[in-house]
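Engineer: For reference, the structure I am asking about is given below.
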Amino acid sequence: MEQHDMTIEVEDGSNSKRHEHRENLRRTNIVVAVDMVRKLTQHKRTSTFLRLVYRNMPEQWSSLYQRSQMLQAHSSSSNLKIASELLTQLTGYIQRSLEYQPRQHQAIRMLIDAGSQTSAFGHNYGLGRSSLWIPFDLFMENAMDGRQIPATSAIETLAELTKSLQAAYGASWQETFLGLWTASLRLMQRERDPIEGPLPHLDSRLCILLSITPLVVVTVIEEEERSLQAADDNSLGNTGNTDDHDKQKKLSGQVTRRAALHSSLRILGQFDGLLVPPQSVASVANQAAIKAASLLGSITSGNGAHDGLGSSGISRNAVGNMQHLIVEACIARKLIDSSAYLWPGYVGGLINPLSHSIPVQGSPWSAFMEGSPLSISLRNALITTPASSLAELEKIYHIAINGPEEERSAAASILCGASLIRGWNVQEHTVRLVVKLLSPPVPADYHGHGPGNHLVASAPMLHAVLKGITTVDTVHVLSLHGMVPEVAAALMPICEVFGSILPTGIQSSTKGEEVLVYTIFSNAFILLLRLWKFYGCAHEHSLSGKGAPVGSELTLEYLLLLYNMRVASSVNMDFNRNMKDKEYFQANNMSGSGIGLPESSNPSKDHTLKSPLSAPQQVLIDSFPNLKVWYCQHQACIASTLSGFVRGNPVHQIADRLLNMMYWKMNKGVSTSSAAGTSANGSISSSSGSAGEDASRRPMLPAWEILGAVPFVVDAMLTACAHGRLSPRDLTTGLRDLVEFLPASVATIVSYFSAEVTRGIWKPASMNGTDWPSPAANLLSVEAEVKETLAATGIDVPSLVTGGNTAATLPLPLAALVSLTITFKMDKNSESLNGIAGLALETAAAGSPWPSTPIVAALWAQKVRRWHDFIIFASARTVFRQDKYAVSQLLRSCFAAALGSINTIMPRLTVHGGVGALLGRCYPSHSSPGGTSPVAPGLVYLRIYRGMYDIRFVTEEILTLVVETARDLAATGMNGEYSGQSIKNVQRLKSHQLSLANALARVKQASSLGASLLCITGGSGLVQMLYQETLPTWFLSGNGTKPKTAGSASALEGYAIAHFSFLCGVCSWGVNASSFSKRRAQVVGIHMDFMARAMEGKISLGCEHTTWRAYVLGFLAMIVSCVPNWISEVNIETLKRLATELRWWHEPELSIALLERGGLRAMSAAADLV
């Protein structure tokens, strides 16, 4: 027995040793295997294969990543420290091998790297970081053009631009958000010294800063968080936990966009000069700072002071700036929380010795929410005080819809007051509710007859809304939020209904005012016309240079198309989202995971699931027969002269009645020479004469019937004036009487005169002061100031000389139009009339021979002296409509101002350049001590490009300026002076004066400016022409190539063209899938095919090979690194040809990287190259 026991012990010891030996071997094998794999990943070929799997086989890559994480966790738990360290190194090698980094070309790395923008060169020349984000500044300032009411949302456009620039520059999200905030602050600061005129002012700029920009940030951040949530959901379904995805995010070292926003807002406090609030919002900024200080004081009470702040009296001593308002806007949209109040310096140190005397007042909205009745004093307070929450807005909205009749119009006025204009924290909700007010629902107890008659019952409320949204800034705010299609769709039923009933019914509003049917119709109709360029001349409908369908942006159908597309998109999105939630819920319940949706959001228990059958009906113009008839007549009036007027038909009879009404007033001798008055309810009314007698002579007909006869009335009167049967004074008086009778008729009058001006069939009218008003008193001074304004921008136009004492004449229709418009009263109630008449007058004058524009400007300057500077500038911008040479000079001035120049072309602009010089001040001040103040050329260009007849030449002009910038950098030193040496020495980069990094930084700034101007001018249409026509022609012809160009200078030129063309595509088409994806794929594919054929030698290029090589390598490297999605859209054969030729150019890394991003279809070709 003892021997047996000893045998067992010996065997057990032997087994134990064998087991220990095997375990050591296993551990050694693991370490050796991991080390071998680690060494393999360091090889270029292995890295390439890993990138191919990572980019094109996501499921296999996810499995590989999860297994490596499990192995690393097992090694850590098994005390395999060496293996764990090797696995950590292995993971790091794999991560570093996933991204392509061009190693052979320092210049290409600098093109892709955003850090090179902040070089010492850029800082010294006033460029710095702000010039990196010039596209933001130009987009925002372009949105402030009062003559243009965009139909698309500024939020969507700016969000796409933000994502595109972040990808194109390779910038961090902190830098991107900071660039966005500073650009919007600069936009606000440019309104420091505004001029008077019919253009958007501070309220529209504050809307961009405090509403649009935060909503852009919301869009960008929510996009990332949705993608992360989707990845977490996939991870949850596949592995049962979310740790793997979190570890992968930590491994990549990426900072979330929300965290980047926090950092950017804290850094924003360092921009003291930009954060000074305008005087009109200083009190609001102070209240925001007081709110933060009060909360901070309550937190620190009992715990001592925080950052030097005490607990008593703190809420009375804080002084606010724009950072406080920006932070409040972000807190309201849940982008950040109130912990921002604890940021160092956010409240501390801002002490105002006078603020202790300012009492802290409660908001009237608090009293309203507590149930106080809508007394007159409370109404007035609510109109002037913006709401601060959605609950407040919804309560006042429900009163406007369902409240007592005596309160509905008051509630509508409150909603359209300060809450709409300055309720920045909830402005997107206010805009939506105001538009909903234009389409009130049919009451449940309504027993009226006929479709749309419930609108008549809501006439006082609708009148209040229409009055509240007719100002320039209000319309612009609606446009910035992208509500123009919705407003147009809501106005059409109002116009149809109120234009079809007799003007006998009078509705009493809460203030006892009489609300006429004509007034409601006219306000709605004129606002509808302001939303699209209805006064466009015939030739404008044939221009297609902007890349859009012919006349698409000029028609009412375009707005309806946008609206219907939005309705269909939102309904499908809601339906798909609900169906996806329902499927997800059912799948999780069937799998027994126990994970489901909350009770309140469970689609399986919701019997009101949205479907396309319950979608809002699309709006078609055929649904409004009267509007369609007028619209067709309007288009026919633009296309040709009036015809088909048969005596005795109903239209002729109405026209006779209108003429009899106007001639009766003339023959009776009623004095109407004074300016037309405006009644309290917004309608134009006669200032003299017997109202009773006038009413008896007026035809009581529906407004649509009146409008149908107006063109024939105006044509008859203008013809009689041309033949001497009607005096010009009586013509003007009659037209004004017609506008007083039906204000909406001004639209038809304007449309008729604008069309007739372009026909050139009317004799000129002598503006001599007898028959027609005379501009002689100030015409010469206006012409001189126009020339001074242009000269201050670097524009010399000799053709502006009029020739001395030549008699002032205008085409007869233009003379009649300007004579009519100067009789309008200039007040807030007439703003809508002047809004459409003024733009049409400017367009008609610009299309007439010079000096028609100065004559019109002189007459208007006599009438409205406070608009003098605006009128002069409006006259100056008409010079560029047909003068390409003037446009070329202006573009050159833009580059000189932005980049800095010692050229004498603009001696009064700063030589250091930057955004301030480019966009510093748009309108000249002719009352400044030194004469005409310098004009910011960038702002001038943003106000004139829409009026140019041909914009296609701009593409080559901008490309030429970008190339010239590169050549000047190669030929000049830091001081911008030529060295006087030989051509060969002049045209090379001088390392002791200008480093490669600084040169490329300047080139990138020039290309950013050029790309921004090109995309703003013509959009995707001009960018497509750049890729398909301008660039190939440039390289084929060797356009502008100088002899004996040094290699470094030629390369810099190629890099400049590459960066310019790349940015044009990014800004126009975006970086991800979008509505432009199909066009982008086609255009980029054609351009890459051209590149492949040229590289293969099938095309003979006229430019230098160094320039061509730098362009190809720079363009492809930027696409590979910044917008790889573009490559997957290109034909695979084109990619293979490019990759093959790149290897012949000894560029294997770029060759393989190009194919890596081509998708699964390109994997075999990439493997062959490896």
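Each chain of the structure tokens is named A, B, ... in the order shown, its residues numbered from 1; ligands are numbered from 1 in display order.
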Determine, counting only C-alpha atoms, which protein, DNA and RNA residues have an atom within 10 Å of an atom of Glu705 in chain A; residues of the same chain fewer than 6 positions away are not included. Present the result as a list in words.

Structural biologist: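 The filter keeps Gly499, Ser500, Asn626, Trp630, Pro650, Val651, Ile654 and Ala655 of chain A.
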
Engineer: I'd like the neighbourhood of Ala874 in chain A as a list of chain:residue names, where a residue qualifies if any of its atoms comes within 8 Å (using only C-alpha atoms), though same-chain residues fewer than 4 positions away should be ignored.

Structural biologist: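 Close residues of Ala874 in chain A: A:Glu842, A:Phe870, A:Thr878.
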
Engineer: Any chance you could export the current selection's C-alpha atoms as a compact mmCIF listing (two decimals), in the first residue's frame?

Structural biologist:
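Okay, this is what ended up in out_33.txt:
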# COMPACT_ATOMS: atom_id res chain seq x y z
CA GLU A 842 -34.19 99.55 -59.21
CA PHE A 870 -28.32 103.66 -49.26
CA THR A 878 -26.15 98.79 -61.00

Engineer: Within 7 Å of range 837-839 of chain A, counting only C-alpha atoms, which residues show up once you throw out same-chain ones fewer than 3 positions away? Write them as a list of chain:residue names, please.

Structural biologist: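 Contacts, in chain order: A:Arg147, A:Val750, A:Thr821, A:Leu833, A:Asn834, A:Glu842, A:Thr843.
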
Engineer: Name the closest residue to Gln653 in chain A among the candidates A:Val962, A:Ile706, A:Ala293, A:Ile638; distances are taken between atoms, counting only C-alpha atoms.

Structural biologist: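 Ranked by minimum distance to Gln653 in chain A, first place goes to A:Ile706.
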
Engineer: Quick one: of A:Ala457, A:Ala154, A:Leu295, A:Leu215, who's nearest to Leu480 in chain A, counting only C-alpha atoms?

Structural biologist: A:Ala154

Engineer: For Ile399 in chain A, work out the shell of residues within 7 Å, counting only C-alpha atoms and skipping chain neighbours fewer than 3 positions away, then give it as a ChimeraX atom specification.

Structural biologist: /A:395-396,402-403,408,411

Engineer: Put those residues in a file: N, CA, C and O atoms, as a PDB file, in the first residue's frame.

Structural biologist:
ATOM      1  N   LYS A 395     -49.319  78.656 -25.075  1.00  0.00           N
ATOM      2  CA  LYS A 395     -50.516  79.178 -24.420  1.00  0.00           C
ATOM      3  C   LYS A 395     -51.082  80.368 -25.184  1.00  0.00           C
ATOM      4  O   LYS A 395     -52.299  80.451 -25.420  1.00  0.00           O
ATOM      5  N   ILE A 396     -50.220  81.293 -25.598  1.00  0.00           N
ATOM      6  CA  ILE A 396     -50.717  82.442 -26.350  1.00  0.00           C
ATOM      7  C   ILE A 396     -51.198  82.026 -27.731  1.00  0.00           C
ATOM      8  O   ILE A 396     -52.146  82.610 -28.281  1.00  0.00           O
ATOM      9  N   ASN A 402     -58.227  79.530 -30.380  1.00  0.00           N
ATOM     10  CA  ASN A 402     -59.476  79.090 -29.762  1.00  0.00           C
ATOM     11  C   ASN A 402     -60.018  80.059 -28.718  1.00  0.00           C
ATOM     12  O   ASN A 402     -61.040  79.762 -28.094  1.00  0.00           O
ATOM     13  N   GLY A 403     -59.345  81.173 -28.492  1.00  0.00           N
ATOM     14  CA  GLY A 403     -59.768  82.084 -27.438  1.00  0.00           C
ATOM     15  C   GLY A 403     -60.986  82.899 -27.810  1.00  0.00           C
ATOM     16  O   GLY A 403     -61.530  82.801 -28.926  1.00  0.00           O
ATOM     17  N   ARG A 408     -58.396  87.107 -29.564  1.00  0.00           N
ATOM     18  CA  ARG A 408     -57.656  86.353 -30.588  1.00  0.00           C
ATOM     19  C   ARG A 408     -56.668  87.235 -31.344  1.00  0.00           C
ATOM     20  O   ARG A 408     -55.499  86.868 -31.515  1.00  0.00           O
ATOM     21  N   ALA A 411     -53.783  88.230 -29.090  1.00  0.00           N
ATOM     22  CA  ALA A 411     -52.831  87.129 -28.913  1.00  0.00           C
ATOM     23  C   ALA A 411     -51.951  86.971 -30.149  1.00  0.00           C
ATOM     24  O   ALA A 411     -50.744  86.700 -30.045  1.00  0.00           O
TER      25      ALA A 411
END

Engineer: One decimal, in Å: what's the spacing between CA of Ala747 in chain A and CA of Ser819 in chain A?

Structural biologist: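 Result for CA of Ala747 in chain A versus CA of Ser819 in chain A: 15.6 Å, one decimal.
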